[in-house]
Structure formats: structure tokens, C-alpha cells
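First comes the structure, then the notes that go with it.
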Amino acid sequence: MKFEARLARLEAIAQQLESGELELSRALELFEEGVEQLRAAAEELNKAETRVQQLAERANGTFEVIEPPPRE
């Protein structure tokens, strides 16, 4: 699943949980899925940050290691 799809699924899960109309067992299932989706998305984001950190092309075609901007 792509990063954007994981975010969309997380938003859908959050909306369902916030509705307050779920049985406890279903709410727990969704919460567990949400945690799994969040972990996978965070891992994917970390991999992308590592790639950005490792390679950044300069205007003249050479590459240099740069640090990504700090997270807020």
C-alpha cells in the first residue's frame, strides 16, 4: 500500500472511531489497524527521508549529502 493510501485509510479509521457509533469490538479492531497503518507509514517516511539525506543533486550535476529539514 502506498503512503498516500495509508494516510487516507488512517483518516477513514479516525472518522469511524470519532463517530462514537461503533461497538467496542469493532472500535478495537479499527484502532489496531490504525496503529499498524501508522507504523507502516512512519517506516515508509523514514526510508524516504534517508534517501533524501543520502542524495541531493546540485545544479552542476554532482551529488552531495544533505540533511533533511527538522520535523516539527
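To be explicit about the labels: the chains of the C-alpha cells are called A, B, and onward in the order shown, and within each one the residues are counted from 1, while ligands get numbers from 1 in the order they are shown.
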
Practice task
Write out as a ChimeraX atom specification the residues lying within 12 Å of Ala5 in chain A, counting only C-alpha atoms and excluding same-chain residues fewer than 3 positions away.
Solution key: /A:1-2,8-12,37-38,40-41

Problem - Which of A:Leu24, A:Leu7, A:Leu55, A:Ala48 sits closest to Glu36 in chain A [using only C-alpha atoms] - result: A:Leu7

Exercise for the section: For CA of Gln16 in chain A and CA of Phe3 in chain A, quote the distance in Å rounded to one decimal. Expected result: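 Value for the CA of Gln16 in chain A-CA of Phe3 in chain A distance: 20.2 Å.
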
Practice task
Considering only C-alpha atoms, state which residue in the set A:Glu44, A:Phe63, A:Pro70, A:Ser19 is at the smallest distance from Glu4 in chain A.
Solution key: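 Of A:Glu44, A:Phe63, A:Pro70, A:Ser19, the one nearest Glu4 in chain A, counting only C-alpha atoms, is A:Glu44.
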